[in-house]
>>> print(open('protein.cif').read())   # mmCIF, C-alpha atoms
data_run
#
loop_
_atom_site.label_atom_id
_atom_site.label_comp_id
_atom_site.auth_asym_id
_atom_site.auth_seq_id
_atom_site.Cartn_x
_atom_site.Cartn_y
_atom_site.Cartn_z
CA MET M 18 39.79 205.17 38.55
CA LYS M 19 41.01 201.57 38.83
CA MET M 20 42.26 199.85 35.71
CA SER M 21 41.26 196.23 35.11
CA VAL M 22 44.15 195.58 32.72
CA PRO M 23 47.66 194.62 33.80
CA PRO M 24 49.89 197.64 34.57
CA SER M 25 52.55 196.18 32.30
CA ALA M 26 50.18 196.43 29.33
CA ILE M 27 49.39 200.07 30.10
CA ARG M 28 53.06 200.88 30.58
CA ALA M 29 54.02 199.25 27.29
CA LEU M 30 51.29 201.18 25.51
CA CYS M 31 52.49 204.49 26.92
CA GLU M 32 56.19 203.94 26.43
CA SER M 33 55.67 203.02 22.78
CA ALA M 34 53.88 206.31 22.08
CA LYS M 35 55.40 209.70 21.48
CA VAL M 36 54.58 212.78 23.54
CA GLY M 37 51.44 214.40 22.13
CA GLN M 38 50.39 211.28 20.22
CA GLN M 39 46.76 210.20 20.49
CA ILE M 40 46.55 206.60 21.66
CA SER M 41 43.70 204.19 22.21
CA PRO M 42 43.43 202.53 25.62
CA PRO M 43 42.77 198.81 26.13
CA ARG M 44 39.17 197.76 25.56
CA SER M 45 38.53 197.49 29.28
CA ALA M 46 39.63 201.08 29.90
CA PRO M 47 36.84 203.52 30.76
CA VAL M 48 37.15 206.11 27.97
CA ASP M 49 38.15 206.41 24.33
CA GLY M 50 41.60 207.94 24.34
CA PHE M 51 44.25 210.07 25.93
CA CYS M 52 46.85 212.60 24.77
CA LEU M 53 50.28 212.13 26.33
CA GLU M 54 51.02 215.78 27.05
CA LYS M 55 52.63 215.39 30.45
CA TYR M 56 53.93 211.93 31.12
CA SER M 57 55.74 209.38 28.99
CA SER M 58 54.36 206.79 31.42
CA PRO M 59 51.48 208.27 33.43
CA LEU M 60 50.78 205.12 35.43
CA CYS M 61 51.54 205.91 39.06
CA ALA M 62 52.49 203.43 41.76
CA ASN M 63 49.00 202.79 43.12
CA GLY M 64 47.58 201.79 39.72
CA ILE M 65 45.71 205.00 38.96
CA PHE M 66 45.98 205.79 35.27
CA VAL M 67 45.69 209.56 35.54
CA GLY M 68 45.31 210.34 31.86
CA TYR M 69 42.14 208.35 31.30
CA TYR M 70 40.40 209.91 34.26
CA VAL M 71 41.40 213.39 33.12
CA SER M 72 39.91 212.79 29.70
CA SER M 73 36.50 211.86 31.06
CA MET M 74 36.46 214.58 33.72
CA SER M 75 37.52 217.44 31.49
CA ASN M 76 34.63 216.78 29.10
CA ALA M 77 32.08 217.43 31.85
CA ILE M 78 33.56 220.23 33.99
CA ASP M 79 34.91 223.60 32.89
CA PHE M 80 38.03 223.92 35.05
CA ARG M 81 39.74 227.34 35.24
CA PRO M 82 43.01 227.66 37.20
CA VAL M 83 43.66 231.04 38.81
CA ILE M 84 47.35 231.50 39.67
CA LEU M 85 48.13 234.05 42.39
CA ALA M 86 51.44 235.66 41.46
CA GLY M 87 51.43 239.14 42.94
CA GLY M 88 53.77 238.74 45.90
CA SER M 89 57.24 240.23 46.12
CA GLY M 90 58.93 237.30 47.92
CA THR M 91 60.80 239.52 50.39
CA ARG M 92 62.06 236.55 52.45
CA PHE M 93 64.09 235.49 49.40
CA TRP M 94 65.97 238.77 49.17
CA PRO M 95 68.44 239.50 47.59
CA ARG M 96 67.55 237.13 44.75
CA SER M 97 63.88 238.08 44.88
CA ARG M 98 63.14 241.71 43.97
CA ARG M 99 59.93 243.59 43.22
CA ALA M 100 60.45 243.31 39.46
CA HIS M 101 61.93 239.79 39.59
CA ALA M 102 60.19 238.12 42.49
CA LYS M 103 60.28 234.60 43.86
CA GLN M 104 57.58 233.24 41.55
CA VAL M 105 59.59 233.98 38.39
CA LEU M 106 62.83 232.55 39.80
CA ALA M 107 64.10 229.01 39.21
CA LEU M 108 64.71 228.15 42.85
CA ASP M 109 64.70 224.36 42.57
CA GLY M 110 65.50 223.56 38.96
CA GLU M 111 65.66 225.03 35.49
CA ARG M 112 62.06 226.22 35.34
CA SER M 113 60.64 229.08 37.38
CA MET M 114 58.13 228.50 40.15
CA ILE M 115 55.20 229.83 38.10
CA GLN M 116 56.23 227.76 35.08
CA GLN M 117 56.18 224.64 37.26
CA THR M 118 52.78 225.61 38.68
CA VAL M 119 51.21 225.99 35.25
CA GLU M 120 52.94 222.91 33.86
CA ARG M 121 51.62 220.56 36.53
CA LEU M 122 48.04 221.69 35.76
CA LYS M 123 48.25 221.04 32.03
CA PRO M 124 46.80 217.51 32.16
CA LEU M 125 43.56 219.02 33.50
CA THR M 126 43.19 222.20 31.48
CA SER M 127 44.76 224.44 28.85
CA LEU M 128 46.58 227.76 28.87
CA GLU M 129 43.54 229.31 27.20
CA LYS M 130 41.56 228.67 30.40
CA THR M 131 44.28 229.74 32.83
CA TRP M 132 44.31 233.12 34.59
CA VAL M 133 47.17 234.82 36.43
CA ILE M 134 46.68 237.60 38.97
CA THR M 135 49.88 239.59 39.37
CA ASN M 136 51.17 243.16 39.42
CA GLU M 137 52.44 245.62 36.83
CA LEU M 138 56.11 244.95 37.65
CA LEU M 139 55.92 241.20 37.00
CA ALA M 140 53.35 240.97 34.19
CA GLN M 141 55.83 241.21 31.30
CA GLU M 142 58.19 238.63 32.79
CA ILE M 143 55.30 236.25 33.39
CA ALA M 144 54.03 236.72 29.83
CA GLU M 145 57.48 235.83 28.49
CA GLN M 146 57.75 232.77 30.72
CA LEU M 147 54.27 231.51 29.77
CA PRO M 148 53.97 231.79 25.97
CA GLY M 149 50.50 230.70 24.90
CA LEU M 150 48.77 232.24 27.90
CA PRO M 151 46.35 234.89 26.55
CA PRO M 152 47.82 238.28 27.55
CA VAL M 153 44.39 239.56 28.59
CA GLN M 154 44.26 236.81 31.22
CA ILE M 155 47.33 238.18 32.99
CA VAL M 156 45.49 240.59 35.28
CA GLN M 157 47.71 243.35 36.64
CA GLU M 158 46.60 244.64 40.03
CA PRO M 159 47.24 248.40 40.32
CA VAL M 160 47.87 247.91 44.06
CA ALA M 161 48.21 244.84 46.28
CA ARG M 162 45.03 243.99 48.15
CA ASN M 163 45.77 240.46 49.39
CA THR M 164 44.09 237.28 48.19
CA ALA M 165 40.38 237.96 48.81
CA PRO M 166 40.02 240.75 46.23
CA ALA M 167 42.28 238.88 43.80
CA CYS M 168 40.23 235.67 44.04
CA GLY M 169 36.98 237.62 44.07
CA LEU M 170 37.83 239.53 40.91
CA ALA M 171 38.63 236.28 39.10
CA ALA M 172 35.28 234.86 40.24
CA PHE M 173 33.30 237.88 39.01
CA LEU M 174 35.13 237.88 35.68
CA ILE M 175 34.58 234.17 35.02
CA GLU M 176 31.03 234.19 36.43
CA ARG M 177 30.01 236.47 33.56
CA GLU M 178 31.15 233.82 31.07
CA ASN M 179 30.27 230.60 32.86
CA PRO M 180 29.01 230.72 36.46
CA ARG M 181 29.33 226.94 36.77
CA ALA M 182 33.02 226.89 35.85
CA VAL M 183 35.19 225.52 38.68
CA LEU M 184 37.95 227.90 39.74
CA GLY M 185 41.09 226.41 41.19
CA VAL M 186 43.12 228.95 43.17
CA PHE M 187 46.83 228.10 43.30
CA PRO M 188 49.80 229.96 44.75
CA SER M 189 52.45 230.43 42.08
CA ASP M 190 55.46 229.49 44.19
CA HIS M 191 54.87 226.11 45.83
CA VAL M 192 56.71 222.84 45.16
CA ILE M 193 54.71 219.63 44.74
CA GLY M 194 56.07 216.12 44.44
CA ASP M 195 54.34 213.01 43.10
CA GLU M 196 52.28 214.87 40.54
CA PRO M 197 49.98 211.91 39.67
CA ARG M 198 48.78 211.90 43.30
CA PHE M 199 48.36 215.67 43.13
CA LEU M 200 46.21 215.33 40.01
CA LYS M 201 44.15 212.60 41.63
CA ALA M 202 43.41 214.78 44.69
CA LEU M 203 42.66 217.75 42.45
CA GLN M 204 40.22 215.73 40.36
CA LYS M 205 38.34 214.73 43.51
CA GLY M 206 38.20 218.33 44.64
CA ILE M 207 36.99 219.60 41.27
CA ALA M 208 34.16 217.07 41.31
CA VAL M 209 33.09 218.11 44.83
CA ALA M 210 33.25 221.81 43.94
CA ALA M 211 31.14 221.23 40.82
CA ALA M 212 28.48 219.27 42.70
CA GLY M 213 26.95 222.26 44.52
CA GLU M 214 27.63 225.44 46.46
CA ASN M 215 30.76 223.81 47.87
CA ILE M 216 34.14 225.24 48.86
CA VAL M 217 37.03 222.79 48.78
CA VAL M 218 40.53 223.06 50.20
CA LEU M 219 43.38 220.65 49.63
CA GLY M 220 44.76 219.67 53.02
CA ILE M 221 48.29 218.35 53.53
CA GLU M 222 48.77 215.59 56.08
CA PRO M 223 51.30 217.07 58.55
CA SER M 224 54.64 215.33 58.76
CA ARG M 225 55.76 217.34 61.78
CA PRO M 226 54.35 219.90 64.29
CA GLU M 227 54.98 222.88 62.00
CA THR M 228 54.33 226.37 63.44
CA GLY M 229 54.73 228.17 60.12
CA TYR M 230 51.53 226.87 58.48
CA GLY M 231 47.84 227.33 59.11
CA TYR M 232 45.80 224.21 59.97
CA ILE M 233 42.41 222.79 59.03
CA GLU M 234 40.42 220.86 61.62
CA THR M 235 38.29 218.24 59.87
CA GLY M 236 35.22 216.39 60.99
CA ASP M 237 33.05 213.64 59.53
CA LEU M 238 33.49 212.06 56.14
CA ALA M 239 31.12 213.55 53.58
CA SER M 240 28.23 211.41 52.37
CA ASN M 241 29.97 210.62 49.07
CA ASP M 242 33.13 209.48 50.91
CA SER M 243 35.31 211.72 48.76
CA ALA M 244 36.01 214.54 51.22
CA LEU M 245 35.97 215.52 54.88
CA HIS M 246 33.76 218.18 56.39
CA VAL M 247 35.72 221.18 57.70
CA ARG M 248 35.14 222.29 61.29
CA ARG M 249 37.41 225.33 61.36
CA PHE M 250 40.52 227.02 60.01
CA ILE M 251 43.29 227.81 62.49
CA GLU M 252 46.07 230.34 62.03
CA LYS M 253 49.71 229.46 62.66
CA PRO M 254 49.85 227.79 66.11
CA ASN M 255 52.56 227.74 68.74
CA GLN M 256 54.67 224.63 69.20
CA ASN M 257 52.48 223.03 71.88
CA ARG M 258 49.28 223.43 69.87
CA ALA M 259 51.00 222.20 66.69
CA GLU M 260 52.05 219.05 68.54
CA GLU M 261 48.46 218.56 69.76
CA PHE M 262 47.13 218.94 66.21
CA VAL M 263 49.50 216.33 64.81
CA ALA M 264 48.70 213.90 67.63
CA ALA M 265 44.94 214.33 67.13
CA GLY M 266 45.10 213.00 63.57
CA ASN M 267 42.26 215.09 62.11
CA TYR M 268 44.22 218.27 61.39
CA TYR M 269 45.81 219.13 58.05
CA TRP M 270 48.07 221.90 56.84
CA ASN M 271 46.25 224.55 54.84
CA SER M 272 47.87 224.35 51.40
CA GLY M 273 46.33 227.58 50.13
CA MET M 274 44.85 225.65 47.18
CA PHE M 275 41.07 226.12 46.91
CA LEU M 276 38.32 224.99 44.55
CA TRP M 277 34.84 226.46 44.03
CA SER M 278 32.54 227.36 41.20
CA ALA M 279 32.69 230.94 39.97
CA ARG M 280 29.18 231.55 41.27
CA THR M 281 29.92 229.99 44.67
CA LEU M 282 32.93 232.22 45.25
CA ALA M 283 31.22 235.31 43.84
CA ASN M 284 28.24 234.73 46.18
CA ALA M 285 30.59 234.16 49.12
CA VAL M 286 32.29 237.50 48.44
CA ARG M 287 28.89 239.17 48.17
CA GLU M 288 27.94 237.68 51.55
CA HIS M 289 31.14 238.18 53.52
CA LEU M 290 32.62 241.31 51.85
CA PRO M 291 29.51 243.40 51.13
CA GLU M 292 31.48 246.62 50.61
CA THR M 293 34.13 245.10 48.34
CA ALA M 294 31.82 242.95 46.21
CA PRO M 295 30.14 245.85 44.34
CA LEU M 296 33.55 247.31 43.51
CA LEU M 297 34.74 244.02 42.05
CA GLU M 298 31.50 243.54 40.11
CA THR M 299 31.83 246.99 38.58
CA ILE M 300 35.43 246.24 37.57
CA ALA M 301 34.36 242.93 36.04
CA ALA M 302 31.54 244.63 34.13
CA ALA M 303 34.12 246.95 32.52
CA TRP M 304 36.26 244.01 31.35
CA GLY M 305 36.93 244.19 27.63
CA THR M 306 35.90 247.84 27.31
CA PRO M 307 38.12 250.90 26.74
CA GLN M 308 37.24 252.03 30.26
CA PHE M 309 38.57 248.92 32.02
CA ASP M 310 42.00 250.26 33.01
CA GLU M 311 40.54 253.48 34.38
CA VAL M 312 37.82 251.66 36.33
CA PHE M 313 40.31 249.10 37.66
CA ARG M 314 42.76 251.75 38.85
CA SER M 315 40.00 253.81 40.43
CA LEU M 316 38.07 251.13 42.30
CA TYR M 317 40.50 248.33 43.16
CA PRO M 318 42.44 250.36 45.76
CA LYS M 319 39.12 250.81 47.61
CA CYS M 320 38.75 247.04 48.12
CA GLU M 321 39.44 245.61 51.57
CA ASN M 322 43.02 244.45 52.08
CA ILE M 323 42.30 240.98 53.43
CA SER M 324 43.12 237.34 52.74
CA VAL M 325 40.50 234.95 51.41
CA ASP M 326 41.04 232.83 54.53
CA TYR M 327 39.97 235.64 56.86
CA ALA M 328 37.36 237.09 54.54
CA VAL M 329 35.53 233.95 53.41
CA LEU M 330 36.74 230.68 54.88
CA GLU M 331 36.75 231.52 58.58
CA PRO M 332 33.31 233.19 58.68
CA ARG M 333 31.90 230.42 56.50
CA SER M 334 33.25 227.75 58.89
CA ALA M 335 31.46 229.51 61.77
CA LYS M 336 28.16 228.31 60.29
CA GLY M 337 28.99 224.82 61.52
CA GLU M 338 30.53 221.67 60.13
CA HIS M 339 27.40 220.47 58.31
CA LEU M 340 26.05 223.86 57.22
CA SER M 341 29.10 225.60 55.82
CA ASN M 342 29.58 223.50 52.65
CA LEU M 343 33.32 223.50 53.40
CA TYR M 344 35.22 220.37 52.47
CA CYS M 345 38.81 219.17 52.75
CA ILE M 346 40.47 216.74 50.35
CA PRO M 347 43.32 215.04 52.27
CA ALA M 348 46.34 215.08 49.98
CA GLU M 349 48.95 212.33 49.79
CA PHE M 350 51.53 214.20 47.75
CA SER M 351 54.61 215.96 49.10
CA TRP M 352 54.30 219.73 49.38
CA ASN M 353 56.49 222.65 50.36
CA ASP M 354 55.60 226.33 50.19
CA LEU M 355 59.31 227.31 50.06
CA GLY M 356 58.63 230.17 52.41
CA SER M 357 62.23 231.06 53.27
CA TRP M 358 65.86 230.28 52.56
CA ALA M 359 65.75 227.72 55.37
CA SER M 360 62.84 225.86 53.79
CA LEU M 361 64.60 225.87 50.42
CA TYR M 362 67.70 224.45 52.10
CA GLU M 363 65.67 221.73 53.80
CA TYR M 364 63.81 220.89 50.60
CA GLN M 365 66.97 220.57 48.52
CA LEU M 366 68.66 218.47 51.21
CA GLU M 367 65.60 216.27 51.65
CA THR M 368 65.15 215.64 47.93
CA ARG M 369 68.91 215.19 47.49
CA MET M 370 68.96 217.78 44.74
CA ARG M 371 72.09 219.16 46.33
CA GLY M 372 74.08 218.62 49.50
CA ASP M 373 77.40 217.21 50.69
CA ASP M 374 78.20 214.79 53.50
CA GLU M 375 78.32 217.65 56.00
CA GLY M 376 74.83 218.88 55.15
CA ASN M 377 75.99 221.89 53.16
CA VAL M 378 73.86 222.88 50.16
CA ALA M 379 75.82 224.93 47.65
CA GLU M 380 74.79 226.45 44.32
CA THR M 381 78.26 227.55 43.27
CA VAL M 382 80.96 227.01 40.66
CA GLY M 383 82.43 224.69 43.28
CA HIS M 384 82.94 224.57 47.02
CA ILE M 385 85.07 223.05 49.74
CA SER M 386 84.14 222.75 53.42
CA ILE M 387 86.37 222.22 56.46
CA GLU M 388 84.58 221.62 59.76
CA ALA M 389 81.59 223.42 58.27
CA ASN M 390 78.08 221.99 58.57
CA ASP M 391 74.48 222.61 57.52
CA ASN M 392 75.00 225.78 55.48
CA TYR M 393 73.19 227.07 52.41
CA VAL M 394 75.29 228.99 49.89
CA PHE M 395 74.17 230.60 46.62
CA SER M 396 77.02 232.11 44.63
CA PRO M 397 76.66 230.79 41.06
CA LYS M 398 79.70 232.61 39.64
CA LYS M 399 82.21 231.90 42.38
CA PHE M 400 84.09 229.08 44.09
CA VAL M 401 83.23 229.14 47.80
CA ALA M 402 85.21 227.85 50.78
CA LEU M 403 83.49 227.22 54.13
CA VAL M 404 85.64 226.93 57.25
CA GLY M 405 84.36 226.42 60.78
CA VAL M 406 80.86 227.78 60.20
CA GLU M 407 77.44 226.18 60.57
CA ASN M 408 73.76 226.92 59.98
CA LEU M 409 74.43 229.91 57.74
CA VAL M 410 72.57 231.26 54.72
CA VAL M 411 74.88 233.02 52.27
CA VAL M 412 73.35 234.50 49.11
CA ASP M 413 75.58 236.41 46.71
CA THR M 414 74.12 238.49 43.87
CA GLU M 415 75.65 241.15 41.65
CA ASP M 416 74.73 244.04 43.93
CA ALA M 417 74.08 242.50 47.36
CA LEU M 418 75.34 239.86 49.78
CA LEU M 419 73.16 238.24 52.44
CA ILE M 420 74.70 236.45 55.44
CA ALA M 421 72.19 235.15 57.96
CA HIS M 422 71.69 232.35 60.46
CA ARG M 423 69.31 229.72 59.09
CA ASN M 424 67.14 230.01 62.19
CA HIS M 425 66.55 233.68 61.35
CA SER M 426 65.75 233.23 57.66
CA GLN M 427 62.11 234.21 58.30
CA ASP M 428 63.44 237.65 59.28
CA VAL M 429 65.08 238.34 55.92
CA GLY M 430 61.95 240.20 54.81
CA LYS M 431 62.73 242.82 57.46
CA ILE M 432 65.78 243.81 55.44
CA VAL M 433 63.52 244.93 52.60
CA LYS M 434 61.53 247.12 54.99
CA GLU M 435 64.76 248.67 56.29
CA LEU M 436 66.01 249.33 52.75
CA SER M 437 62.69 250.87 51.78
CA ALA M 438 62.71 253.13 54.84
CA ALA M 439 66.26 254.20 53.98
CA GLY M 440 65.33 255.02 50.40
CA ARG M 441 67.55 252.27 48.94
CA THR M 442 64.89 251.34 46.39
CA GLN M 443 67.46 250.15 43.82
CA LEU M 444 68.11 247.18 46.13
CA ILE M 445 64.49 246.09 46.45
#
>>> encode(input="protein.cif", output="structure tokens")
Amino acid sequence: MKMSVPPSAIRALCESAKVGQQISPPRSAPVDGFCLEKYSSPLCANGIFVGYYVSSMSNAIDFRPVILAGGSGTRFWPRSRRAHAKQVLALDGERSMIQQTVERLKPLTSLEKTWVITNELLAQEIAEQLPGLPPVQIVQEPVARNTAPACGLAAFLIERENPRAVLGVFPSDHVIGDEPRFLKALQKGIAVAAAGENIVVLGIEPSRPETGYGYIETGDLASNDSALHVRRFIEKPNQNRAEEFVAAGNYYWNSGMFLWSARTLANAVREHLPETAPLLETIAAAWGTPQFDEVFRSLYPKCENISVDYAVLEPRSAKGEHLSNLYCIPAEFSWNDLGSWASLYEYQLETRMRGDDEGNVAETVGHISIEANDNYVFSPKKFVALVGVENLVVVDTEDALLIAHRNHSQDVGKIVKELSAAGRTQLI
């Protein structure tokens, strides 16, 4: 929403207010007021005053974030364990990944409307990290069944209360930069999702031919000019195909962030997962009753173990670009899924959070390097010396030490499988 007042006037207004203070915008601003919960100066570089737009949007649309936090983060072993997984770790700052995820959504919603889908091992830690989140809205899966049943259960639960509510599905462990641009893209997506039986995905403009992400092929601009039609979803490509996608200009990385009304998603699960849908509906019907835990434990393991991409998005895209009601909002914010130690290294080096002149990133008491380049070291209680080594990942915890080549950081998850097979459960 463009402001017709000088940015300097808006900035002065914001900087003179205290966090949480209600302020009145200039007379030419579009709405009556705004609460500074997130930013001391919410004006972003392109002149979008996020707070005012949020105020007007939130009055019309019931937005419910659903945070997916059930993974075990095996590629971040040995820091990530089953009972203390990646999403509850502070990998890139003082706040954990799930705390950052919830915090960046606060300008658009409240904790009272936020849901978290996790497991029994992480639920208590998440509750402690997110005070104010209603405990009943931390749903503890009895077994892991991938993202389709998790998203579907949230849809059936919220559909019973408000079928028109817009669900935003967000991974709990991604890093997003330029949050005003993120909020702007999210607002667009929420509006599209609320306008009909629409499914919206936030697409990330690729900065390189990445083989570790899924892609979205887009088509024509939608009639309201706010989104692109989706032609198809494509799983992780090889290098040649990734290069073709980037060169084509109409492919985006699949961020894993989706928007749809509760009824739209519930109906999509009914259509594409006809055996799982009745199980989830029965579980949702038991919500709030003494029988819920028993019903949940009995029926949820019978649900199909499948991702929402495979279960809903891909078959829906097969209906055709103009019949599927699938839309992509191209995002202009920086994004990283922090999928491995190598990606964390690259992110911290790129954002200059850490890193020396030789490209070493070290989270240590102190370090020295001699003819050592491009290493990542985590040893927060020790001084570390690097001599003549390069492209290593070294992670030191109280009971385990990982030493790996950065190019093999995607294989760290295999260690957890080996430990499990060997019965070394205390290490996982």
>>> closest_residue(input="protein.cif", among="M:Ile207, M:Ile387, M:Val378, M:Leu418", to="Asp109 (chain M)", atoms="only C-alpha atoms")
M:Val378
>>> closest_residue(input="protein.cif", among="M:Glu380, M:Glu222, M:Asp242, M:Glu178", to="Asn271 (chain M)", atoms="only C-alpha atoms")
M:Glu222
>>> closest_residue(input="protein.cif", among="M:Ala335, M:Ser113, M:Gly194, M:Cys345", to="Glu367 (chain M)", atoms="all atoms listed in the file")
M:Gly194
>>> resolve_selection(input="protein.cif", expression="the PyMOL selection byres ((chain M and resi 283) around 8)", output="PyMOL selection string")
chain M and resi 169+172-173+176+279-282+284-287
>>> closest_residue(input="protein.cif", among="M:Phe93, M:Val153, M:Phe199, M:Gly229", to="Phe395 (chain M)", atoms="all atoms listed in the file")
M:Phe93
>>> resolve_selection(input="protein.cif", expression="the PyMOL selection byres ((chain M and resi 330) around 10)", output="list in words")
Ile216, Val217, Val218, Val247, Arg249, Phe250, Ala285, His289, Ser324, Val325, Asp326, Tyr327, Ala328, Val329, Glu331, Pro332, Arg333, Ser334, Ala335, Ser341 and Leu343 of chain M
>>> residues_near_point(input="protein.cif", point="(26.8, 226.2, 44.9)", cutoff="8 Å", atoms="all atoms listed in the file", output="VMD selection string")
chain M and resid 210 to 215 278 280 to 281
>>> residues_around(input="protein.cif", residues="Gln146 (chain M)", least_positions_apart="4", cutoff="8 Å", atoms="only C-alpha atoms", output="VMD selection string")
chain M and resid 105 116 142
>>> residues_around(input="protein.cif", residues="Gly236 (chain M)", least_positions_apart="3", cutoff="8 Å", atoms="only C-alpha atoms", output="NGL selection string")
:M and (245-248 or 267 or 338)
>>> closest_residue(input="protein.cif", among="M:Ala259, M:Ile84, M:Leu108, M:Ala265", to="Thr235 (chain M)", atoms="all atoms listed in the file")
M:Ala265
>>> atom_distance(input="protein.cif", atom1="CA of Leu150 (chain M)", atom2="CA of Thr135 (chain M)")
13.7 Å
>>> residues_around(input="protein.cif", residues="Val119 (chain M)", least_positions_apart="4", cutoff="10 Å", atoms="only C-alpha atoms", output="VMD selection string")
chain M and resid 82 to 84 114 to 115 123 126 to 128 131 to 133 147 150 187 189
>>> closest_atom_pairs(input="protein.cif", of="region 250-345 of chain M", to="region 225-228 of chain M", cutoff="12 Å", atoms="only C-alpha atoms", output="Markdown table")
| residue | atom | partner | partner_atom | distance |
| --- | --- | --- | --- | --- |
| M:Ile251 | CA | M:Thr228 | CA | 11.2 |
| M:Glu252 | CA | M:Thr228 | CA | 9.3 |
| M:Lys253 | CA | M:Thr228 | CA | 5.6 |
| M:Pro254 | CA | M:Thr228 | CA | 5.4 |
| M:Asn255 | CA | M:Thr228 | CA | 5.8 |
| M:Gln256 | CA | M:Thr228 | CA | 6.0 |
| M:Asn257 | CA | M:Pro226 | CA | 8.4 |
| M:Arg258 | CA | M:Pro226 | CA | 8.3 |
| M:Ala259 | CA | M:Pro226 | CA | 4.7 |
| M:Glu260 | CA | M:Pro226 | CA | 4.9 |
| M:Glu261 | CA | M:Pro226 | CA | 8.1 |
| M:Phe262 | CA | M:Pro226 | CA | 7.5 |
| M:Val263 | CA | M:Pro226 | CA | 6.0 |
| M:Ala264 | CA | M:Pro226 | CA | 8.9 |
| M:Ala265 | CA | M:Pro226 | CA | 11.3 |
| M:Gly266 | CA | M:Pro226 | CA | 11.6 |
| M:Tyr268 | CA | M:Pro226 | CA | 10.7 |
| M:Tyr269 | CA | M:Pro226 | CA | 10.6 |
| M:Trp270 | CA | M:Glu227 | CA | 8.7 |
| M:Asn271 | CA | M:Glu227 | CA | 11.4 |
>>> atom_distance(input="protein.cif", atom1="CA of Leu296 (chain M)", atom2="CA of Tyr317 (chain M)")
7.0 Å
>>> resolve_selection(input="protein.cif", expression="the PyMOL selection byres ((chain M and resi 309-315) around 10)", output="count of residues only")
20
>>> closest_residue(input="protein.cif", among="M:Gly220, M:Gly206, M:Gly88, M:Gly376", to="Thr164 (chain M)", atoms="only C-alpha atoms")
M:Gly88
>>> atom_distance(input="protein.cif", atom1="CA of Asp79 (chain M)", atom2="CA of Ala182 (chain M)")
4.8 Å
>>> residues_around(input="protein.cif", residues="Leu219 (chain M)", least_positions_apart="4", cutoff="7 Å", atoms="all atoms listed in the file", output="list of chain:residue names")
M:Ser272, M:Met274, M:Phe275, M:Cys345, M:Ile346, M:Pro347, M:Ala348
>>> decode(input="protein.cif", residues="region 220-233 of chain M", atoms="N, CA and C atoms", output="mmCIF file, in the first residue's frame")
data_model
loop_
_atom_site.group_PDB
_atom_site.id
_atom_site.type_symbol
_atom_site.label_atom_id
_atom_site.label_comp_id
_atom_site.auth_asym_id
_atom_site.auth_seq_id
_atom_site.Cartn_x
_atom_site.Cartn_y
_atom_site.Cartn_z
ATOM 1 N N GLY M 220 6.913 -18.491 -3.729
ATOM 2 C CA GLY M 220 8.034 -18.957 -4.540
ATOM 3 C C GLY M 220 9.225 -18.037 -4.386
ATOM 4 N N ILE M 221 10.403 -18.612 -4.283
ATOM 5 C CA ILE M 221 11.636 -17.840 -4.109
ATOM 6 C C ILE M 221 12.354 -17.740 -5.446
ATOM 7 N N GLU M 222 12.634 -16.514 -5.880
ATOM 8 C CA GLU M 222 13.375 -16.349 -7.127
ATOM 9 C C GLU M 222 14.766 -16.953 -6.975
ATOM 10 N N PRO M 223 15.132 -17.920 -7.818
ATOM 11 C CA PRO M 223 16.414 -18.615 -7.635
ATOM 12 C C PRO M 223 17.604 -17.709 -7.909
ATOM 13 N N SER M 224 18.575 -17.772 -7.021
ATOM 14 C CA SER M 224 19.799 -16.990 -7.189
ATOM 15 C C SER M 224 20.917 -17.819 -7.803
ATOM 16 N N ARG M 225 20.673 -19.114 -7.960
ATOM 17 C CA ARG M 225 21.684 -20.021 -8.504
ATOM 18 C C ARG M 225 20.975 -21.315 -8.926
ATOM 19 N N PRO M 226 21.581 -22.144 -9.755
ATOM 20 C CA PRO M 226 20.968 -23.421 -10.154
ATOM 21 C C PRO M 226 21.099 -24.463 -9.044
ATOM 22 N N GLU M 227 20.269 -24.340 -8.029
ATOM 23 C CA GLU M 227 20.332 -25.186 -6.840
ATOM 24 C C GLU M 227 19.671 -26.538 -7.097
ATOM 25 N N THR M 228 20.367 -27.630 -6.759
ATOM 26 C CA THR M 228 19.808 -28.981 -6.938
ATOM 27 C C THR M 228 19.175 -29.522 -5.661
ATOM 28 N N GLY M 229 19.256 -28.775 -4.572
ATOM 29 C CA GLY M 229 18.730 -29.258 -3.304
ATOM 30 C C GLY M 229 17.315 -28.808 -3.004
ATOM 31 N N TYR M 230 16.694 -28.020 -3.898
ATOM 32 C CA TYR M 230 15.343 -27.518 -3.686
ATOM 33 C C TYR M 230 14.411 -28.020 -4.783
ATOM 34 N N GLY M 231 13.127 -28.115 -4.447
ATOM 35 C CA GLY M 231 12.114 -28.324 -5.458
ATOM 36 C C GLY M 231 11.815 -27.006 -6.163
ATOM 37 N N TYR M 232 11.243 -27.090 -7.378
ATOM 38 C CA TYR M 232 10.959 -25.901 -8.181
ATOM 39 C C TYR M 232 9.475 -25.819 -8.521
ATOM 40 N N ILE M 233 9.038 -24.595 -8.809
ATOM 41 C CA ILE M 233 7.675 -24.337 -9.261
ATOM 42 C C ILE M 233 7.761 -23.713 -10.644
#
